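The structure under discussion appears below in the form of structure tokens.
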Amino acid sequence: MSNLGLDLDPQPSPGRHSEKHRERRRRPAGLIAVVVALAVIIGLGWFAVDRGRDALNGVFSSSAAEDYPGPGTGSVVVHVAEGDTSSAIARTLVEADVVASVEAFTEAAAANPESRSIQVGSYEMQEQMRAEDALAVLVDSGNIVRSSVTVPEGFRIEQIIARLAEKTEVNQRQLRRAVQGLDLPPSAEGNPEGYLFPATYDFPPGTTAPQMLQAMLDRFLSVAESLPLADASTVGLDEHDLVTVASIIEKEVNRPEDMPAVAEVIYNRLDGTCASSGVPRGLLQMDSTVNYLNAENESVFTSQEMRDAESAYNTYRNAGLPPGPIASPGEAALQAALEPTDEGWCYFVAIDLGTGETAFAVDDAEHNRNRSRLADYCRANPGTC
């Protein structure tokens with residue numbers, strides 16, 4: 001077969017070969033020119049941006065953030081909320097006219113490591129303070145504004161309501177409504193008396209009546225769990241009755257060292273141990289429960305008329321415990337109800353109303369001698385008995 005016209009590897013003529021060769025040699029030179037041009041453009045652009053950035057930085061660095069000269073005037077309360085950043089705090093301060101600008105405060109915060117420890121709460125500050133001075137107020141938790149309220153052991157619900165209304169911004173009507181809305185533990189049987197724990201509470205501005213009472217109930221539940229009140233069965237009671245016993249203890253004596261012995265007197269009278277000593281089985285004969293009928297009476301004494309009154313709380317007439325607590329017991333009284341003494345006590349009487357010293361007795365004769373000691377105290381201290 002002939003190869004004519006079917007040259008598989010044609011050889012170019014010298015002229016064509018030279019032309020294509022020159023064309024291939026020109027292309028790299030063109031690419032290099034384009035790349036160089038682009039590099040110059042990019043470099044010039046970057047130079048312009050960099051110089052522009054430097055110019056802007058120079059403008060801002062040469063102009064300090066707006067700030068008040070201080071020291072400030074007047075008074076304003078600002079609140080730091082949970083999760084607030086320094087910028088959020090700064091905006092709050094600007095809105096209250098405490099600081100002049102967000103930038104001034106955030107710069108002060110960035111320069112002070114303590115700014116990371118600002119606590120949630122309300123702070124009393126002045127208007128138009130220097131940002132640095134405002135920050136100094138916020139980093140000191142001692143500057144948090146609180147309403148400090150002390151609720152003593154032995155207060156009744158009505159006394160607690162009156163104390164909270166006196167010391168805070170809420171009123172008695174709000175508190176009474178809040179009492180009805182408390183989510184009480186089952187042991188309370190729907191009665192909040194005795195379940196608002198006596199202690200000192202710090203309430204920040206704006207705390208509502210429900211929040212205050214819930215804090216007191218939560219404190220009770222915490223103490224109840226730590227004791228624990230679930231051990232009430234060890235003294236033959238349920239939790240409701242144990243709180244009732246503790247409330248009686250709280251109202252009968254005020255020295256913690258006397259409380260376990262009072263608890264023993266209560267249990268010995270309930271189970272009949274004291275019947276042979278002159279106390280009818282089941283009768284507590286406690287003046288504190290009788291005085292609960294008269295909210296105004298805080299005396300340790302009762303009259304015959306009071307002891308004759310018809311009421312489920314009159315333990316001179318009715319055997320057993322009253323229907324529920326008669327006051328808010330503290331931790332010592334609750335602990336005493338769980339851990340009574342074992343000395344055979346059936347009687348007790350205060351022999352010094354100033355110190356609260358109390359004498360205990362096993363039988364009626366010894367008790368009468370202790371009562372004579374009280375009479376001697378009363379004669380020596382006119383107007384105290």
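By order of appearance in the structure tokens: chains A, B, ..., then residues from 1 within every chain, and ligands from 1 in the order shown.
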
Which residues are near Asn368 (chain A)? Cut-off 12 Å, only C-alpha atoms, ignore same chain within fewer than 4 positions. Put them as a CSV table (one decimal) with C-alpha atoms, in the first residue's frame.
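What landed in out_23.csv:
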chain,number,residue,atom,x,y,z
A,347,TYR,CA,-41.8,20.4,134.4
A,348,PHE,CA,-39.9,23.6,133.7
A,349,VAL,CA,-40.1,27.3,134.6
A,351,ILE,CA,-36.4,31.6,137.0
A,359,ALA,CA,-35.1,25.3,135.8
A,360,PHE,CA,-36.4,21.7,135.2
A,361,ALA,CA,-38.0,19.3,137.5
A,362,VAL,CA,-39.1,15.6,137.6
A,363,ASP,CA,-41.9,16.0,140.1
A,364,ASP,CA,-44.4,18.6,141.3
A,372,SER,CA,-40.6,30.0,144.3
A,373,ARG,CA,-37.3,31.0,142.7
A,374,LEU,CA,-39.3,32.8,140.0
A,375,ALA,CA,-41.4,34.5,142.6

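Residues lying within 8 Å of Thr244 (chain A), counting only C-alpha atoms and ignoring same-chain neighbours fewer than 4 positions away, are Gly194, His240, Ile248, Leu321, Pro322, Gly324, Pro325 and Ile326 of chain A.
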
**In region 133-375 of chain A, DSSP helix (DSSP H, G or I) residues written as a ChimeraX atom specification** = /A:133-138,141-143,157-167,172-180,186-188,209-226,229-235,239-252,256-270,275-277,287-291,304-307,331-338,364-375

**Polymer residues at most 8 Å from Val279 (chain A), only C-alpha atoms, same-chain spacing of 4 or more positions, as a PyMOL selection string** = chain A and resi 269+274-275+283+346

**Request:** Name all residues at most 9 Å from Leu93 (chain A) (count only C-alpha atoms; drop same-chain ones fewer than 4 positions away) and give them as a PyMOL selection string.
**Result:** chain A and resi 78+88-89+97-102+105+127+134

Write the residues you've just listed into a file as an mmCIF file, in the first residue's frame, and include C-alpha atoms for each of them.
data_model
loop_
_atom_site.group_PDB
_atom_site.id
_atom_site.type_symbol
_atom_site.label_atom_id
_atom_site.label_comp_id
_atom_site.auth_asym_id
_atom_site.auth_seq_id
_atom_site.Cartn_x
_atom_site.Cartn_y
_atom_site.Cartn_z
ATOM 1 C CA VAL A 78 -28.341 50.950 88.459
ATOM 2 C CA ALA A 88 -23.994 45.987 78.379
ATOM 3 C CA ILE A 89 -23.100 47.484 81.759
ATOM 4 C CA ASP A 97 -26.193 59.326 82.866
ATOM 5 C CA VAL A 98 -23.626 57.803 85.210
ATOM 6 C CA VAL A 99 -20.893 57.791 82.544
ATOM 7 C CA ALA A 100 -20.546 59.889 79.403
ATOM 8 C CA SER A 101 -19.892 57.134 76.855
ATOM 9 C CA VAL A 102 -19.771 53.403 76.366
ATOM 10 C CA PHE A 105 -16.306 52.660 80.516
ATOM 11 C CA GLU A 127 -24.678 60.866 87.907
ATOM 12 C CA ALA A 134 -17.922 54.260 88.264
#

**Prompt:** Which is closest to Gln174 (chain A) among A:Ser277, A:Gln211, A:Ser311, A:Asn254, if we use only C-alpha atoms?
**Reply:**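 Looking at the shortest contact to Gln174 (chain A), the residue is A:Gln211.
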
**Asked** What does the distance from CA of Glu158 (chain A) to CA of Pro329 (chain A) come to in Å, to one decimal?
**Response**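 Distance between the two atoms: 14.8 Å.
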
From a DSSP calculation on the backbone, collect every residue of region 70-231 of chain A in strand (DSSP E or B) and output the set as a compact mmCIF listing (two decimals) with N, CA and C atoms, in the first residue's frame.
# COMPACT_ATOMS: atom_id res chain seq x y z
N THR A 73 -22.66 63.87 90.82
CA THR A 73 -23.64 64.51 91.69
C THR A 73 -24.88 63.64 91.81
N GLY A 74 -25.70 63.93 92.81
CA GLY A 74 -26.98 63.24 92.96
C GLY A 74 -26.83 61.77 93.29
N SER A 75 -27.89 61.01 93.03
CA SER A 75 -27.89 59.58 93.34
C SER A 75 -28.81 58.85 92.37
N VAL A 76 -28.35 57.71 91.91
CA VAL A 76 -29.14 56.88 91.01
C VAL A 76 -28.78 55.42 91.26
N VAL A 77 -29.76 54.54 91.16
CA VAL A 77 -29.53 53.11 91.36
C VAL A 77 -29.51 52.42 89.99
N VAL A 78 -28.45 51.70 89.71
CA VAL A 78 -28.34 50.95 88.46
C VAL A 78 -28.25 49.46 88.78
N HIS A 79 -28.76 48.65 87.87
CA HIS A 79 -28.80 47.20 88.11
C HIS A 79 -27.92 46.48 87.10
N VAL A 80 -27.09 45.59 87.61
CA VAL A 80 -26.28 44.71 86.77
C VAL A 80 -26.98 43.35 86.74
N GLY A 121 -26.45 42.61 90.77
CA GLY A 121 -27.07 43.34 91.87
C GLY A 121 -27.34 44.78 91.50
N SER A 122 -27.88 45.52 92.47
CA SER A 122 -28.17 46.94 92.27
C SER A 122 -27.14 47.77 93.03
N TYR A 123 -26.70 48.85 92.41
CA TYR A 123 -25.66 49.69 92.98
C TYR A 123 -26.14 51.14 93.01
N GLU A 124 -25.91 51.78 94.14
CA GLU A 124 -26.22 53.21 94.23
C GLU A 124 -25.00 53.99 93.75
N MET A 125 -25.21 54.84 92.73
CA MET A 125 -24.11 55.57 92.12
C MET A 125 -24.51 57.04 91.98
N GLN A 126 -23.58 57.85 91.49
CA GLN A 126 -23.86 59.24 91.21
C GLN A 126 -23.98 59.45 89.70
N GLU A 127 -24.61 60.51 89.32
CA GLU A 127 -24.68 60.87 87.91
C GLU A 127 -23.40 61.60 87.51
N ILE A 144 -23.27 46.79 96.78
CA ILE A 144 -24.57 46.31 96.31
C ILE A 144 -25.65 46.77 97.29
N SER A 147 -31.93 45.42 100.95
CA SER A 147 -32.77 45.66 102.11
C SER A 147 -32.52 44.51 103.07
N SER A 148 -31.85 44.80 104.17
CA SER A 148 -31.54 43.75 105.14
C SER A 148 -32.67 43.64 106.15
N VAL A 149 -33.24 42.44 106.25
CA VAL A 149 -34.38 42.20 107.13
C VAL A 149 -34.07 41.02 108.04
N THR A 150 -34.17 41.23 109.34
CA THR A 150 -33.97 40.15 110.30
C THR A 150 -35.33 39.70 110.84
N THR A 200 -31.66 36.37 108.82
CA THR A 200 -31.45 37.69 108.21
C THR A 200 -31.36 37.52 106.71
N TYR A 201 -32.16 38.30 105.99
CA TYR A 201 -32.23 38.21 104.53
C TYR A 201 -31.82 39.54 103.92
N ASP A 202 -31.09 39.49 102.82
CA ASP A 202 -30.72 40.68 102.05
C ASP A 202 -31.47 40.65 100.73
N PHE A 203 -32.45 41.53 100.61
CA PHE A 203 -33.26 41.58 99.40
C PHE A 203 -32.84 42.77 98.54

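The smallest atom-to-atom distance between Glu225 (chain A) and any of A:Gln119, A:Ile161, A:Pro204, A:Leu334, using only C-alpha atoms, is found for A:Leu334.
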